[in-house]
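One structure is given below, encoded as structure tokens.
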Amino acid sequence: MANIGKAREALLRRVLEGDGKASTLERRAAFNNSDLSEPLRQLVDEVALNAKAISDEDFNRARQSGLSEDQIFEIVVCAAIGQASRQYDAAKAALEAARGD
């Protein structure tokens with residue numbers, strides 16, 4: 001299990017703090033799904049909470065706001081990893097509670 005934890009930490013560090021086209025603030029906000037302005041707020045909400053509802057129009061609005069394809073990609077990846085991390089943490093906490101850890 002320790003290897004999974006180390007791999008997860010490395011992934012999060014790289015995605016949130018590594019080189020990228022989107023700023024670290026934008027990536028962190030997308031990861032946390034907070035403090036985003038339109039059109040990113042709607043796009044990140046959909047990535048995190050209702051991925052099947054994402055449309056071409058969501059990406060078009062992000063492009064029209066001046067973001068590059070690379071920036072949009074990085075923000076979407078951070079949003080997805082952020083949501084997956086929250087779900088992982090909740091599942092891990094539930095399992096630990098069930099075990100009495």
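By order of appearance in the structure tokens: chains A, B, ..., then residues from 1 within every chain, and ligands from 1 in the order shown.
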Extract, using only C-alpha atoms, all DNA, RNA and protein residues at most 10 Å from region 5-22 of chain A, discarding same-chain residues fewer than 6 positions from it, and format them as an NGL selection string.
:A and (28-31 or 67-75 or 77-78 or 81-82 or 85)
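For the set A:Gln83, A:Arg63, A:Ala97, A:Asn3, the residue with the smallest atom-to-atom gap to Ser34 (chain A) is A:Gln83, counting only C-alpha atoms.
Counting only C-alpha atoms, the residue from A:Leu49, A:Ala98, A:Ala79, A:Ala93 that sits nearest to Glu26 (chain A) is A:Ala79.
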Per DSSP on the backbone, filter chain A down to the residues in helix (DSSP H, G or I) and report them as a PyMOL selection string.
chain A and resi 2-17+24-32+40-49+51-53+56-64+69-99
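For the choices A:Asn33, A:Ile54, A:Leu43, A:Glu38, the atom-to-atom distance to Arg86 (chain A) is smallest for A:Asn33 when using only C-alpha atoms.
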Tell me which of A:Ile4, A:Arg27, A:Arg61, A:Tyr88 sits closest to Gln42 (chain A), counting only C-alpha atoms.
A:Arg61
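Take CA of Asp45 (chain A) and CA of Lys92 (chain A): the distance between them is 23.2 Å.
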